[in-house]
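Source file: upload-v4.cif. Holds: mmCIF, C-alpha atoms.
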```cif
data_entry
loop_
_atom_site.label_atom_id
_atom_site.label_comp_id
_atom_site.auth_asym_id
_atom_site.auth_seq_id
_atom_site.Cartn_x
_atom_site.Cartn_y
_atom_site.Cartn_z
CA MET A 1 58.13 159.91 184.74
CA THR A 2 60.88 158.75 182.35
CA SER A 3 60.35 155.79 180.05
CA PRO A 4 62.29 152.62 180.88
CA ASN A 5 65.29 151.80 178.69
CA LEU A 6 65.74 148.47 176.97
CA ALA A 7 68.65 147.89 179.37
CA ASP A 8 66.06 147.51 182.14
CA GLU A 9 64.77 144.40 180.36
CA LEU A 10 68.24 142.93 179.71
CA LYS A 11 69.60 140.37 182.21
CA LEU A 12 72.49 138.66 180.38
CA VAL A 13 74.76 139.34 177.42
CA VAL A 14 76.56 136.34 175.90
CA PHE A 15 79.66 137.46 174.01
CA ASP A 16 81.85 135.46 171.64
CA MET A 17 85.60 135.82 172.22
CA ALA A 18 87.98 135.94 169.20
CA GLY A 19 86.84 138.64 166.78
CA THR A 20 84.09 139.91 169.08
CA THR A 21 85.72 140.83 172.41
CA VAL A 22 89.29 139.66 171.69
CA LEU A 23 91.09 141.39 168.82
CA ASP A 24 91.42 139.08 165.82
CA GLY A 25 94.91 139.36 164.35
CA GLY A 26 94.57 136.30 162.14
CA GLU A 27 95.99 133.97 164.79
CA VAL A 28 93.27 131.32 164.45
CA PRO A 29 93.41 130.77 160.65
CA ALA A 30 97.22 130.90 160.77
CA ALA A 31 97.29 128.20 163.46
CA PHE A 32 94.80 126.07 161.49
CA THR A 33 96.93 126.39 158.36
CA ALA A 34 100.16 125.45 160.13
CA ALA A 35 98.60 122.49 161.96
CA LEU A 36 97.01 121.04 158.84
CA ALA A 37 100.20 121.55 156.84
CA GLU A 38 101.89 119.11 159.23
CA GLN A 39 99.33 116.56 157.99
CA GLU A 40 100.15 117.55 154.39
CA ILE A 41 96.74 119.14 153.99
CA GLN A 42 96.40 122.45 152.22
CA VAL A 43 93.32 124.52 153.03
CA THR A 44 91.89 127.55 151.28
CA ALA A 45 90.83 130.82 152.86
CA GLU A 46 87.23 129.92 151.98
CA GLN A 47 87.47 126.60 153.85
CA LEU A 48 88.87 128.33 156.93
CA ASN A 49 86.26 131.07 156.75
CA ALA A 50 83.49 128.47 156.72
CA VAL A 51 84.53 126.98 160.08
CA ARG A 52 85.02 130.25 161.95
CA GLY A 53 82.90 130.22 165.11
CA ALA A 54 82.73 126.42 165.27
CA SER A 55 84.21 124.13 167.90
CA LYS A 56 87.89 124.11 167.01
CA ARG A 57 88.22 120.38 167.55
CA GLN A 58 85.27 119.73 165.24
CA ALA A 59 86.58 122.28 162.73
CA VAL A 60 89.91 120.43 162.49
CA LEU A 61 88.10 117.12 161.97
CA ASN A 62 85.94 118.67 159.25
CA LEU A 63 89.06 119.78 157.39
CA ILE A 64 90.66 116.31 157.46
CA PRO A 65 89.63 114.34 154.35
CA GLU A 66 88.02 110.94 154.66
CA GLY A 67 90.50 108.08 154.71
CA PRO A 68 92.48 105.69 156.90
CA HIS A 69 93.43 106.99 160.36
CA ARG A 70 91.31 110.15 159.91
CA GLN A 71 90.53 110.40 163.62
CA ALA A 72 94.16 109.97 164.62
CA ARG A 73 95.25 112.58 162.10
CA ALA A 74 92.61 114.96 163.42
CA GLU A 75 93.82 114.49 167.02
CA ALA A 76 97.41 115.16 165.96
CA ALA A 77 96.38 118.23 163.96
CA TYR A 78 94.30 119.55 166.85
CA ALA A 79 97.20 119.17 169.28
CA ALA A 80 99.42 121.05 166.82
CA PHE A 81 96.76 123.74 166.41
CA LYS A 82 96.55 124.30 170.18
CA TRP A 83 100.33 124.50 170.52
CA ASP A 84 100.69 126.92 167.60
CA LEU A 85 97.78 129.11 168.71
CA SER A 86 99.09 129.27 172.30
CA ARG A 87 102.49 130.35 171.02
CA ARG A 88 100.90 133.11 168.91
CA TYR A 89 98.71 134.37 171.74
CA GLU A 90 101.63 134.35 174.17
CA GLN A 91 103.16 137.07 172.00
CA GLY A 92 100.33 139.38 172.99
CA VAL A 93 96.55 139.50 173.34
CA ARG A 94 94.43 142.64 173.13
CA ALA A 95 90.76 143.32 173.73
CA VAL A 96 88.62 144.76 170.96
CA PRO A 97 88.58 148.55 171.54
CA GLY A 98 85.58 149.42 173.68
CA ALA A 99 84.98 145.88 174.97
CA VAL A 100 86.14 146.59 178.53
CA GLU A 101 84.14 149.81 178.63
CA THR A 102 81.03 147.95 177.42
CA PHE A 103 81.54 145.31 180.13
CA ALA A 104 81.72 148.08 182.73
CA TRP A 105 78.59 149.76 181.36
CA LEU A 106 76.66 146.50 181.64
CA ARG A 107 77.93 145.79 185.15
CA GLU A 108 76.85 149.24 186.33
CA ARG A 109 73.32 148.28 185.30
CA GLY A 110 73.37 144.84 186.91
CA VAL A 111 73.51 142.97 183.60
CA ARG A 112 75.43 139.69 183.75
CA ILE A 113 78.23 139.00 181.29
CA ALA A 114 79.15 135.62 179.84
CA LEU A 115 81.69 134.54 177.24
CA ASN A 116 81.21 131.57 174.95
CA THR A 117 83.82 130.22 172.56
CA GLY A 118 84.77 127.39 170.26
CA PHE A 119 88.15 127.24 172.04
CA ASP A 120 88.72 124.58 174.67
CA ARG A 121 89.23 125.56 178.31
CA GLU A 122 93.04 125.61 178.08
CA ILE A 123 93.11 128.20 175.27
CA ALA A 124 90.27 130.24 176.80
CA GLU A 125 92.06 130.44 180.16
CA LEU A 126 95.22 131.62 178.40
CA LEU A 127 93.24 134.46 176.80
CA LEU A 128 91.35 135.37 179.97
CA GLY A 129 94.55 135.46 181.98
CA ALA A 130 96.41 137.58 179.43
CA LEU A 131 93.53 140.07 179.32
CA GLY A 132 93.04 140.16 183.10
CA TRP A 133 89.47 138.92 182.80
CA THR A 134 89.71 136.03 185.25
CA HIS A 135 88.22 137.85 188.26
CA GLY A 136 85.42 140.41 188.47
CA VAL A 137 85.10 141.15 184.74
CA VAL A 138 82.86 138.38 183.42
CA ASP A 139 80.41 136.19 185.31
CA ALA A 140 80.90 133.01 183.27
CA ALA A 141 82.92 131.56 180.40
CA VAL A 142 81.80 128.43 178.58
CA CYS A 143 84.10 126.57 176.18
CA GLY A 144 83.65 124.32 173.20
CA ASP A 145 84.90 121.22 175.01
CA GLU A 146 82.27 121.66 177.76
CA VAL A 147 79.16 121.04 175.66
CA ARG A 148 78.15 118.08 173.56
CA ARG A 149 77.27 120.17 170.51
CA GLY A 150 78.91 123.42 169.46
CA ARG A 151 77.51 126.15 167.22
CA PRO A 152 75.14 126.44 165.46
CA ALA A 153 73.47 124.44 168.25
CA PRO A 154 72.49 126.71 171.18
CA GLN A 155 74.11 124.63 173.94
CA LEU A 156 76.92 127.13 174.63
CA ILE A 157 74.33 129.86 175.14
CA PHE A 158 72.11 127.71 177.35
CA ARG A 159 75.12 126.76 179.50
CA CYS A 160 75.93 130.47 179.91
CA MET A 161 72.34 131.07 181.06
CA GLU A 162 72.57 128.21 183.53
CA SER A 163 75.92 129.47 184.87
CA THR A 164 74.52 132.96 185.49
CA ASP A 165 71.08 131.91 186.83
CA VAL A 166 69.18 133.45 183.93
CA ASP A 167 66.24 131.35 182.77
CA ARG A 168 64.39 133.39 180.11
CA VAL A 169 65.74 133.82 176.57
CA GLU A 170 63.53 136.92 176.29
CA THR A 171 66.02 138.69 178.60
CA ILE A 172 69.31 137.80 176.87
CA ALA A 173 71.43 139.21 174.07
CA VAL A 174 73.88 137.11 172.04
CA ILE A 175 76.75 138.81 170.22
CA GLY A 176 79.27 137.39 167.75
CA ASP A 177 81.26 138.02 164.59
CA THR A 178 80.46 134.85 162.61
CA THR A 179 77.50 133.34 160.81
CA LEU A 180 77.55 130.44 163.28
CA ASP A 181 77.25 132.89 166.20
CA LEU A 182 74.07 134.32 164.67
CA GLN A 183 72.67 130.88 163.86
CA ALA A 184 73.27 129.77 167.44
CA GLY A 185 71.62 132.92 168.80
CA ASN A 186 68.63 132.34 166.57
CA ASN A 187 68.40 128.68 167.58
CA ALA A 188 68.46 129.78 171.23
CA ARG A 189 65.63 132.25 170.41
CA ALA A 190 67.57 135.05 172.07
CA ARG A 191 65.61 138.30 172.12
CA TRP A 192 68.60 140.25 170.80
CA ASN A 193 70.80 138.41 168.27
CA ILE A 194 73.57 140.81 167.31
CA GLY A 195 76.36 140.55 164.74
CA VAL A 196 79.55 142.61 164.89
CA LEU A 197 81.88 143.48 162.00
CA SER A 198 85.10 143.41 164.03
CA GLY A 199 86.06 139.82 163.24
CA ALA A 200 85.86 136.94 160.80
CA HIS A 201 82.82 137.57 158.64
CA SER A 202 81.71 140.48 156.48
CA ARG A 203 78.52 142.52 156.59
CA GLN A 204 77.30 140.68 153.48
CA GLN A 205 77.79 137.29 155.15
CA LEU A 206 76.16 138.34 158.43
CA GLN A 207 73.21 140.04 156.72
CA GLN A 208 72.16 136.69 155.27
CA GLN A 209 71.74 135.21 158.76
CA PRO A 210 68.89 135.85 161.23
CA HIS A 211 69.78 138.84 163.40
CA THR A 212 68.28 141.83 165.15
CA HIS A 213 71.23 144.24 164.80
CA LEU A 214 74.57 144.55 163.01
CA LEU A 215 77.12 146.74 164.78
CA GLY A 216 80.65 147.84 163.95
CA SER A 217 81.87 146.41 167.24
CA VAL A 218 80.81 145.74 170.82
CA ALA A 219 81.70 149.37 171.60
CA GLU A 220 78.36 150.33 170.00
CA LEU A 221 76.31 148.00 172.22
CA PRO A 222 75.32 150.54 174.93
CA ALA A 223 73.64 152.71 172.28
CA VAL A 224 71.29 149.81 171.42
CA PHE A 225 70.05 149.59 175.00
CA THR A 226 69.86 153.26 175.93
CA GLN A 227 66.87 153.91 173.66
CA PRO A 228 63.51 153.94 175.51
CA ALA A 229 61.73 150.61 175.50
CA ASP A 230 58.67 152.31 173.99
CA SER A 231 60.56 154.37 171.40
CA ALA A 232 59.79 154.34 167.70
CA TYR A 233 61.71 151.76 165.68
CA VAL A 234 63.40 152.99 162.52
CA THR A 235 65.88 150.95 160.51
CA SER A 236 67.40 150.75 157.05
CA GLU A 237 67.04 148.02 154.45
CA GLY A 238 70.54 146.65 155.08
CA GLU A 239 69.85 146.08 158.78
CA LEU A 240 66.72 143.98 158.30
CA PRO A 241 67.22 140.26 158.93
CA THR A 242 66.67 137.97 155.94
CA GLU A 243 66.23 134.20 156.00
CA SER A 244 67.17 132.39 152.78
CA PHE A 245 65.76 129.04 151.63
CA GLU A 246 65.91 126.97 148.46
CA TRP A 247 62.41 128.21 147.62
CA GLY A 248 62.97 131.92 148.31
CA THR A 249 63.46 134.38 151.17
CA LEU A 250 61.77 135.91 154.22
CA LYS A 251 62.73 139.46 155.24
CA TRP A 252 61.38 140.52 158.62
CA LEU A 253 60.28 144.14 159.00
CA SER A 254 59.01 143.94 162.56
CA ASN A 255 58.52 141.38 165.32
CA GLY A 256 59.07 141.00 169.05
CA LYS A 257 62.84 140.79 168.61
CA LEU A 258 63.23 143.81 166.37
CA LEU A 259 60.63 145.79 168.32
CA PRO A 260 60.56 144.57 171.90
CA GLY A 261 56.96 144.57 173.03
CA ALA A 262 55.56 144.51 169.47
CA GLY A 263 52.17 142.85 169.18
CA GLN A 264 52.57 141.74 165.55
CA THR A 265 55.07 140.31 163.10
CA THR A 266 55.42 141.72 159.57
CA GLY A 267 57.62 140.62 156.70
CA ILE A 268 58.19 140.37 152.96
CA CYS A 269 58.19 136.90 151.37
CA HIS A 270 59.72 136.01 147.99
CA ILE A 271 58.93 132.65 146.35
CA LEU A 272 60.89 131.71 143.22
CA PRO A 273 59.19 130.50 140.02
CA GLY A 274 58.30 126.81 140.21
CA ARG A 275 58.97 126.66 143.97
CA ARG A 276 56.81 126.54 147.07
CA ASN A 277 57.29 126.97 150.78
CA PRO A 278 56.65 123.95 153.05
CA VAL A 279 53.18 123.18 154.39
CA HIS A 280 52.93 124.65 157.90
CA TYR A 281 50.63 126.31 160.41
CA HIS A 282 50.86 128.97 163.12
CA PRO A 283 49.45 127.76 166.46
CA ASN A 284 49.49 131.15 168.21
CA CYS A 285 48.43 133.67 165.57
CA GLU A 286 46.51 134.33 162.38
CA GLU A 287 48.22 135.45 159.18
CA VAL A 288 47.19 137.97 156.54
CA LEU A 289 48.98 137.70 153.18
CA TYR A 290 48.83 140.42 150.49
CA MET A 291 50.21 139.65 147.00
CA LEU A 292 52.45 142.43 145.69
CA ALA A 293 53.68 140.62 142.55
CA GLY A 294 53.38 137.27 140.79
CA GLN A 295 50.69 134.61 140.91
CA GLY A 296 50.35 131.38 142.79
CA LEU A 297 48.20 128.71 144.36
CA HIS A 298 47.60 128.95 148.10
CA SER A 299 46.65 125.78 149.97
CA PHE A 300 44.17 126.21 152.81
CA ASP A 301 43.64 122.97 154.77
CA GLU A 302 42.17 120.69 152.08
CA ASN A 303 41.42 123.49 149.59
CA SER A 304 43.49 125.58 147.16
CA VAL A 305 42.93 129.25 146.30
CA PRO A 306 44.48 131.04 143.27
CA LEU A 307 46.17 134.32 144.14
CA GLN A 308 47.60 137.13 142.02
CA ALA A 309 48.97 140.63 142.54
CA GLY A 310 46.38 142.55 144.57
CA SER A 311 44.90 139.45 146.27
CA THR A 312 44.60 139.25 150.06
CA ILE A 313 44.04 136.08 152.08
CA ARG A 314 43.52 135.57 155.82
CA ILE A 315 44.72 132.32 157.38
CA PRO A 316 43.33 131.63 160.88
CA ALA A 317 45.58 130.18 163.59
CA GLY A 318 46.04 126.43 163.27
CA VAL A 319 45.13 126.20 159.57
CA LYS A 320 47.60 124.24 157.43
CA HIS A 321 48.76 126.23 154.40
CA ASN A 322 51.51 127.05 151.94
CA LEU A 323 52.01 129.06 148.73
CA SER A 324 53.18 127.62 145.39
CA ASN A 325 54.50 129.83 142.59
CA ALA A 326 52.56 128.85 139.47
CA GLY A 327 53.99 131.57 137.21
CA SER A 328 57.27 132.67 135.64
CA GLU A 329 57.66 135.72 137.90
CA THR A 330 58.95 135.68 141.48
CA ILE A 331 56.11 136.03 143.96
CA VAL A 332 56.46 138.98 146.33
CA CYS A 333 53.98 139.18 149.19
CA LEU A 334 53.51 141.14 152.39
CA ILE A 335 52.79 138.88 155.37
CA SER A 336 51.49 139.97 158.75
CA PHE A 337 50.83 137.95 161.91
CA SER A 338 48.77 138.80 164.98
CA SER A 339 51.63 138.11 167.41
CA GLY A 340 55.06 139.61 167.86
CA GLN A 341 56.26 136.11 168.81
CA ARG A 342 54.99 134.22 165.75
CA GLU A 343 55.24 130.43 166.09
CA THR A 344 55.46 128.07 163.09
CA VAL A 345 55.02 124.29 162.90
CA PHE A 346 56.33 122.73 159.68
CA LEU A 347 54.59 119.59 158.46
CA GLU A 348 57.15 118.53 155.86
#
```
In C-alpha cells, what does this structure look like?
Amino acid sequence: MTSPNLADELKLVVFDMAGTTVLDGGEVPAAFTAALAEQEIQVTAEQLNAVRGASKRQAVLNLIPEGPHRQARAEAAYAAFKWDLSRRYEQGVRAVPGAVETFAWLRERGVRIALNTGFDREIAELLLGALGWTHGVVDAAVCGDEVRRGRPAPQLIFRCMESTDVDRVETIAVIGDTTLDLQAGNNARARWNIGVLSGAHSRQQLQQQPHTHLLGSVAELPAVFTQPADSAYVTSEGELPTESFEWGTLKWLSNGKLLPGAGQTTGICHILPGRRNPVHYHPNCEEVLYMLAGQGLHSFDENSVPLQAGSTIRIPAGVKHNLSNAGSETIVCLISFSSGQRETVFLE
C-alpha cells in the first residue's frame, strides 16, 4: 500500500496575484509613483516596497502626508493610480511561468484554487480577463475592496475559504510574494504558509516572516505536496521560519506546520542582554527548556529560578512563566513542547 501524499490533505490553495501568479513587471510601483506625483508627493523605493501586498487604497492613503484635505487627496491619487495601472496592464499581462500548470495540477487532484489581492474588483477583473482566468481556472477571487481589513489581517483568506466551502485552516495553503502575504497567512493559521521569490520582496525579507516554505515560484508548488505525508522532514537553516521581537528571536525547527502530523514543537530561542520575553502560558502542552548559552532568571508562577548554560527546566501546561536575561551574553536555549500545535496565551 502506498503512503498518502500531502496533496491528499490539501483542500484549498489561496494565491496572491501580482508577483505570485501574475508576472510583476514593475507596473504597480510605477503607477503609485505617477499617481502620487500628481499630488506633488515624491516617494522612495523603500516606501513603495513597504506597502507591497497591502490594500492599494489603504497604501495610497498611507503615503499621503498628514494635512488639510488628506482624504480628498488620497481619493484623487487612488483614482489616478487605478487609471495609470489599467493603462499599463492593457499593454499586456502575463502569468508567472508555471502558474497555469500548477493550477491544472491542483485541479486534477480536486484541490480548490482561490486568488486574493490588494487590488479592487475593477483591476482584478481586468487581469483575470486578460489572462483568460474568468471561467474554469480559479474557484474564487477576493479583492481588497471586499473586506473590511486587508493584509496583514486574515480576512481575505477567510473570505476565500467561505467562497470555496472550506472550513478548516489545517487544510489550506497560502502563497504570496510579500511580507504582508506571509503575515496574513500566519494570522489565518494556515497549515502551509508559503513565500515565493518571483515578486516584490527578497529572500532576506521573507525569511524574517513566519513561513513554512520559501519557493522560487509557484511552479515549484507541486513538489511540496508530492512527498509522502509520513516522509522524513529535512530542511536547511535558511528555510527555517524565524520570528523577531524587540527582546530576541524564535526559530522553529519543527511543528505541525513544518511537519504535518508532528506531535511536538521544537525551536531555538534567543533573548538579548537586559531583555525578557512576555509572561505567558501554554494551555495545551508542557514545555521543556534547555539552556545552551547565557544565564537568566526564569519565572515559574509566583517563583523565580536561576538558569545558566546546561540547565534544564520543565514547565507544565497552564503555568505562567517567562525568561529574563540577567547577563551580558545573549541567551540561547532549546525549547520543546508536547504538541505540534503549540498554543500560547500572553498575559502582558
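For A:Leu206, the set of protein, DNA and RNA residues having any atom at most 7 Å away, when counting only C-alpha atoms and skipping those fewer than 3 positions along the same chain, is A:Thr178, A:Thr179, A:Gly195, A:His201, A:Ser202, A:Arg203, A:Gln209.
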Please produce a file of the residues just selected, as a PDB file, keeping the file's coordinate frame, where the atoms kept are C-alpha atoms.
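Below is the file selection30.pdb, written as the result:
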```pdb
ATOM      1  CA  THR A 178      80.460 134.850 162.610  1.00  0.00           C
ATOM      2  CA  THR A 179      77.500 133.340 160.810  1.00  0.00           C
ATOM      3  CA  GLY A 195      76.360 140.550 164.740  1.00  0.00           C
ATOM      4  CA  HIS A 201      82.820 137.570 158.640  1.00  0.00           C
ATOM      5  CA  SER A 202      81.710 140.480 156.480  1.00  0.00           C
ATOM      6  CA  ARG A 203      78.520 142.520 156.590  1.00  0.00           C
ATOM      7  CA  GLN A 209      71.740 135.210 158.760  1.00  0.00           C
TER       8      GLN A 209
END
```
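Minimum distance to A:Tyr281 across A:Leu63, A:Ile268, A:Val224, A:Ala317 (counting all atoms listed in the file) occurs at A:Ala317.
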Distance table requested - stretch 51-97 of chain A against stretch 15-39 of chain A, cut-off 8 Å, all atoms listed in the file: one row per qualifying residue with the closest atom pair and its distance in Å to one decimal, ordered by chain and rising residue number, as JSON lines.
```
{"residue": "A:Val60", "atom": "CA", "partner": "A:Phe32", "partner_atom": "CA", "distance": 7.5}
{"residue": "A:Arg73", "atom": "CA", "partner": "A:Gln39", "partner_atom": "CA", "distance": 7.0}
{"residue": "A:Ala77", "atom": "CA", "partner": "A:Ala35", "partner_atom": "CA", "distance": 5.2}
{"residue": "A:Tyr78", "atom": "CA", "partner": "A:Ala35", "partner_atom": "CA", "distance": 7.1}
{"residue": "A:Ala80", "atom": "CA", "partner": "A:Ala35", "partner_atom": "CA", "distance": 5.1}
{"residue": "A:Phe81", "atom": "CA", "partner": "A:Ala35", "partner_atom": "CA", "distance": 5.0}
{"residue": "A:Lys82", "atom": "CA", "partner": "A:Ala31", "partner_atom": "CA", "distance": 7.8}
{"residue": "A:Asp84", "atom": "CA", "partner": "A:Ala31", "partner_atom": "CA", "distance": 5.5}
{"residue": "A:Leu85", "atom": "CA", "partner": "A:Ala31", "partner_atom": "CA", "distance": 5.4}
{"residue": "A:Arg88", "atom": "CA", "partner": "A:Glu27", "partner_atom": "CA", "distance": 6.5}
{"residue": "A:Tyr89", "atom": "CA", "partner": "A:Glu27", "partner_atom": "CA", "distance": 7.5}
{"residue": "A:Val93", "atom": "CA", "partner": "A:Leu23", "partner_atom": "CA", "distance": 7.3}
{"residue": "A:Arg94", "atom": "CA", "partner": "A:Leu23", "partner_atom": "CA", "distance": 5.6}
{"residue": "A:Ala95", "atom": "CA", "partner": "A:Val22", "partner_atom": "CA", "distance": 4.4}
{"residue": "A:Val96", "atom": "CA", "partner": "A:Leu23", "partner_atom": "CA", "distance": 4.7}
```
I want to know what sits within 9 Å of stretch 151-166 of chain A, based on only C-alpha atoms, with residues of the same chain fewer than 3 positions away left out; could you give that as a PyMOL selection string? chain A and resi 11-12+14+53-55+112-118+139-144+146-148+169+171-172+174+179-189
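Of the listed residues (A:Ala219, A:Val51, A:Leu10, A:Met291), A:Met291 comes nearest to A:Asn325; the distances count all atoms listed in the file.
The interatomic distance for the pair atom CA of A:His298 and atom CA of A:Ile313 works out to 8.9 Å.
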Report as a PyMOL selection string all protein, DNA and RNA residues lying within 8 Å of A:Gly263, evaluated on only C-alpha atoms, omitting residues in the same chain fewer than 4 positions from it. chain A and resi 255-256+338-341
Care to translate the PyMOL selection byres ((chain A and resi 278) around 7) into actual residues of this file, as a list in words? Arg276, Asn277, Val279, His280, Asn322, Phe346 and Glu348 of chain A
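Atom CA of A:Pro283 to atom CA of A:Thr344 spans 6.9 Å [interatomic distance, one decimal].
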Given the choices A:Arg191, A:Val288, A:Gly216, A:Gly129, which gets closest to A:Arg168 if the distance is worked out from all atoms listed in the file? A:Arg191
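Atom CA of A:Ser198 is positioned 16.3 Å from atom CA of A:Pro222.
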Using all atoms listed in the file, which protein or nucleic acid residues come within 9 Å of A:Leu258? Drop anything in the same chain fewer than 6 positions from it, and give the result as a list in words. Arg191, Trp192, His211, Thr212, His213, Tyr233, Leu240 and Trp252 of chain A
For a quick check of understanding, using all atoms listed in the file, which of A:Pro97, A:Ser86, A:Gln207, A:Lys56 has the smallest distance to A:Arg149? A:Lys56
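Using only C-alpha atoms, the smallest distance between any of A:Gln308, A:Gly267, A:Gly274, A:Gly296 and A:Leu334 comes from A:Gly267.
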With N, CA and C atoms as the target, complete stretch 208-224 of chain A and hand it back as a JSON list (two decimals), in the frame of the given file.
```
[["chain", "number", "residue", "atom", "x", "y", "z"],
["A", 208, "GLN", "N", 72.93, 137.83, 155.77],
["A", 208, "GLN", "CA", 72.16, 136.69, 155.27],
["A", 208, "GLN", "C", 71.69, 135.77, 156.39],
["A", 209, "GLN", "N", 72.12, 136.04, 157.62],
["A", 209, "GLN", "CA", 71.74, 135.21, 158.76],
["A", 209, "GLN", "C", 70.68, 135.93, 159.59],
["A", 210, "PRO", "N", 69.88, 135.19, 160.36],
["A", 210, "PRO", "CA", 68.89, 135.85, 161.23],
["A", 210, "PRO", "C", 69.59, 136.70, 162.28],
["A", 211, "HIS", "N", 69.16, 137.94, 162.42],
["A", 211, "HIS", "CA", 69.78, 138.84, 163.40],
["A", 211, "HIS", "C", 68.80, 139.97, 163.71],
["A", 212, "THR", "N", 69.06, 140.64, 164.81],
["A", 212, "THR", "CA", 68.28, 141.83, 165.15],
["A", 212, "THR", "C", 69.05, 143.12, 164.90],
["A", 213, "HIS", "N", 70.38, 143.06, 165.02],
["A", 213, "HIS", "CA", 71.23, 144.24, 164.80],
["A", 213, "HIS", "C", 72.56, 143.80, 164.20],
["A", 214, "LEU", "N", 73.17, 144.68, 163.42],
["A", 214, "LEU", "CA", 74.57, 144.55, 163.01],
["A", 214, "LEU", "C", 75.30, 145.80, 163.45],
["A", 215, "LEU", "N", 76.37, 145.62, 164.23],
["A", 215, "LEU", "CA", 77.12, 146.74, 164.78],
["A", 215, "LEU", "C", 78.57, 146.68, 164.28],
["A", 216, "GLY", "N", 79.23, 147.82, 164.31],
["A", 216, "GLY", "CA", 80.65, 147.84, 163.95],
["A", 216, "GLY", "C", 81.48, 147.03, 164.92],
["A", 217, "SER", "N", 81.17, 147.16, 166.20],
["A", 217, "SER", "CA", 81.87, 146.41, 167.24],
["A", 217, "SER", "C", 81.05, 146.46, 168.52],
["A", 218, "VAL", "N", 81.52, 145.75, 169.54],
["A", 218, "VAL", "CA", 80.81, 145.74, 170.82],
["A", 218, "VAL", "C", 80.81, 147.11, 171.49],
["A", 219, "ALA", "N", 81.69, 148.01, 171.04],
["A", 219, "ALA", "CA", 81.70, 149.37, 171.60],
["A", 219, "ALA", "C", 80.38, 150.08, 171.36],
["A", 220, "GLU", "N", 79.63, 149.68, 170.33],
["A", 220, "GLU", "CA", 78.36, 150.33, 170.00],
["A", 220, "GLU", "C", 77.18, 149.74, 170.76],
["A", 221, "LEU", "N", 77.42, 148.68, 171.56],
["A", 221, "LEU", "CA", 76.31, 148.00, 172.22],
["A", 221, "LEU", "C", 75.52, 148.90, 173.16],
["A", 222, "PRO", "N", 76.13, 149.72, 174.01],
["A", 222, "PRO", "CA", 75.32, 150.54, 174.93],
["A", 222, "PRO", "C", 74.28, 151.39, 174.22],
["A", 223, "ALA", "N", 74.59, 151.87, 173.00],
["A", 223, "ALA", "CA", 73.64, 152.71, 172.28],
["A", 223, "ALA", "C", 72.36, 151.95, 171.93],
["A", 224, "VAL", "N", 72.48, 150.63, 171.73],
["A", 224, "VAL", "CA", 71.29, 149.81, 171.42],
["A", 224, "VAL", "C", 70.33, 149.81, 172.59]]
```
